[in-house]
Amino acid sequence: MRYLALAVDYDGTAARNDRLSNDAQRAVERLRISGRRIVLVTGRRLDDLLRVCPAVALFDVVVAENGAVVYDPRRHEEIVLGAPVPRHLVDRLRERGVAPVEVGKVLVATRDPYGPMMFETIRELGLELHVIANRSAVMALPPGINKASGVEFALHRLGLSRHEAVAIGDAENDHSLLMQCECGVAVANAAPALKEVAAFVTRGANGSGVAELIDEIVADDLHRMEGKIERNLVHVGVRSGGTPVRIPPYGRNVLIAGPSGSGKTTVTTALVERLIDKTYQVCIVDPEGDYGALPRVVPIGNRRRAPSVNEILSILEDPAVNLSVNLLGVPLEDRPAFFSQLIPSLVALRARTGRPHWVVLDEAHHMLPQTWRHAESTLPPKFGETILVTVHPDYLTPPILSLIDVAFAVGHSPDQTLGAFARTTGRRLTWPQDLAYEPGKIVAWIVGEQGEPFSMKAQSPRAERLRHLRKYAEGNLGYHSFYFRGPDCRHNLRAQNLAIFSQIAEGIDEETWMFHLRSHHYSQWFRQSIKDSRLADEMERIEQRTDITPQQTRDLVRALIGARYTLPA
């Protein structure tokens, strides 16, 4: 299921003249039978709601007082999310003849025409409160308390995020509610301002509109809206003519392919950042430790310890956590088996919670090689919201490639990269005559739209340098490793990362150390393989010094590396 929860406003939406409509009540029962959860949201005080709504037990959670109070109807548990509005505001309003003045656990409310007087009184008393209009009602609440904050708390209690929820409302105070949820809907009788921000407006008013929405959710998960809600689209780049390239956050699989060192990680990092910006939960399966240093991403595993599937799943239970699963501790030949255990668990987690919203498989051919024969038994028929990153598309098992909707070719030979993808999947590729590699650009192919490939400038990542820190510090640089051989090649000591380099530098014999130092091999390696020009410049200055001892050069180099990279203990 795409949408696992509905947040529905009470007065003017599910209810009319204080009472839950029969249409809405029957529809809520149908929604519950479908396995979805439902949150009732209201500006009313909880005791007032319980008085007018005997069917409150139909709802999984109630958000009352415009987001200030959360109530569990089954446990009869009440949670207050804010400090009460100061009592002297209530006293002053009553002294000035304001009536009625309703006092809740947190909010203070009145009705027109006393809205301006409430504003004036709050200002006179110097209180830090915000005032929310709700048709003819006016409410004062602490800063940060609104329907959006209350629904966020309620969804978290249900193990869901805002991206699994649809919201429906009618009044001004429902604006934050509709913006909080993935899809916001207004009933036909809604205020004009709310209709402007809604994804769509129901044909029916009040409870009829709620029933109309629920029936569409149950029937096809609002399929007609996929890719149509502008604020949810993820920006990935700009075409040559300046047109933005955006992809929907749901129902798409992405391939990022190209030769080693061509910039695949840069493109992937930028896409991951944009997904996280929109609070989509991302799980990165990271064979080489490239993504562990990304901001807002929790790394798990290292070259000494492989993560367990249970550990991964327990961390992903929190919707706010993005995860990078480092597989350096899993032998290359064991990675397909590890993935075979992980993927069914991720599929089950998605079925229950809708998350992780996106799964990134870096070096995907490590886990889904062409010779892998378990695709049909392990992968679901529709495994969506996945980013596959690989050197060559034809290195991957064909069943997983057949699910790709968007392909990005990175590097000098995009025609070969996309050609290999097309041949492996049996797709027809028409290559434009004027399309060729352009420095600083990649080639995109929106496969699902049956269009031709086009050139685009990919979105740049904000953390382009940070993503490499862990890889260089403790990863495996492969053929980019440094080799301590000495003047007569009597050694062949491989430093596959900066941690190993520092360890060998501490113990290697002086002749070998100084040979590479005077030959400027260290600065060349830092510049060409580590791609750290600042570190290389500092190294060059050490290599040119003749006023310090060999041991002092070792100490300086190790201190320099330690200052720029966090090395494992």
# chains A, B, ... in the order shown; residues from 1 in each chain; ligands from 1
call {"tool": "residues_around", "arguments": {"residues": "range 251-254 of chain A", "least_positions_apart": "6", "cutoff": "12 Å", "atoms": "only C-alpha atoms", "output": "JSON, numbers by chain"}}
result
{"A": [1, 2, 223, 225, 226, 227, 233, 234, 236, 267, 268, 271, 272, 357, 358, 359, 360, 361, 362, 364, 382, 383, 384, 385, 386, 387, 388, 389, 390, 393, 400, 401, 402, 403, 404, 405, 406, 407, 408, 409, 444, 445, 446, 447, 448, 449]}
call {"tool": "closest_atom_pairs", "arguments": {"of": "range 168-285 of chain A", "to": "range 315-334 of chain A", "cutoff": "6 Å", "atoms": "only C-alpha atoms", "output": "JSON lines"}}
result
{"residue": "A:Gln281", "atom": "CA", "partner": "A:Asn322", "partner_atom": "CA", "distance": 5.5}
{"residue": "A:Val282", "atom": "CA", "partner": "A:Asn322", "partner_atom": "CA", "distance": 5.1}
{"residue": "A:Cys283", "atom": "CA", "partner": "A:Leu323", "partner_atom": "CA", "distance": 4.8}
{"residue": "A:Ile284", "atom": "CA", "partner": "A:Ser324", "partner_atom": "CA", "distance": 4.6}
{"residue": "A:Val285", "atom": "CA", "partner": "A:Val325", "partner_atom": "CA", "distance": 4.8}
call {"tool": "residues_around", "arguments": {"residues": "Leu368 in chain A", "least_positions_apart": "6", "cutoff": "9 Å", "atoms": "only C-alpha atoms", "output": "list in words"}}
result
Arg335, Pro336, Phe339, Ala375, Tyr395, Leu396, Thr397 and Ile400 of chain A
call {"tool": "closest_residue", "arguments": {"among": "A:Leu535, A:Leu58, A:Val187, A:Ala140", "to": "Ala205 in chain A", "atoms": "only C-alpha atoms"}}
result
A:Val187
call {"tool": "closest_residue", "arguments": {"among": "A:Ala536, A:Ala257, A:Ile217, A:Ala109", "to": "Gly419 in chain A", "atoms": "only C-alpha atoms"}}
result
A:Ala257
call {"tool": "select_by_dssp", "arguments": {"residues": "range 355-455 of chain A", "states": "strand (DSSP E)", "output": "list in words"}}
result
Trp358, Val359, Val360, Leu361, Thr386, Ile387, Leu388, Val389, Thr390, Val406, Ala407, Phe408, Ala409, Ile442, Val443, Ala444, Trp445, Ile446, Phe454 and Ser455 of chain A
call {"tool": "residues_around", "arguments": {"residues": "Pro143 in chain A", "least_positions_apart": "2", "cutoff": "9 Å", "atoms": "only C-alpha atoms", "output": "VMD selection string"}}
result
chain A and resid 128 to 130 141 145 to 146
call {"tool": "write_last_selection", "arguments": {"atoms": "N, CA, C and O atoms", "output": "short mmCIF file (atom, residue, chain, number, x, y, z; two decimals), in the first residue's frame"}}
result
data_model
loop_
_atom_site.label_atom_id
_atom_site.label_comp_id
_atom_site.auth_asym_id
_atom_site.auth_seq_id
_atom_site.Cartn_x
_atom_site.Cartn_y
_atom_site.Cartn_z
N GLU A 128 4.59 35.20 24.40
CA GLU A 128 5.04 34.56 23.16
C GLU A 128 4.05 33.46 22.80
O GLU A 128 4.20 32.29 23.14
N LEU A 129 3.00 33.85 22.11
CA LEU A 129 1.95 32.94 21.68
C LEU A 129 1.64 33.20 20.21
O LEU A 129 1.91 34.30 19.70
N HIS A 130 1.11 32.20 19.53
CA HIS A 130 0.64 32.48 18.18
C HIS A 130 -0.86 32.23 18.12
O HIS A 130 -1.40 31.39 18.87
N LEU A 141 -2.08 29.66 21.14
CA LEU A 141 -1.30 28.45 21.46
C LEU A 141 0.17 28.81 21.60
O LEU A 141 0.64 29.83 21.05
N ILE A 145 3.12 24.80 18.21
CA ILE A 145 2.00 23.89 18.39
C ILE A 145 0.95 24.18 17.32
O ILE A 145 0.43 25.29 17.24
N ASN A 146 0.68 23.19 16.48
CA ASN A 146 -0.40 23.30 15.49
C ASN A 146 -0.80 21.88 15.08
O ASN A 146 -0.29 20.90 15.62
#
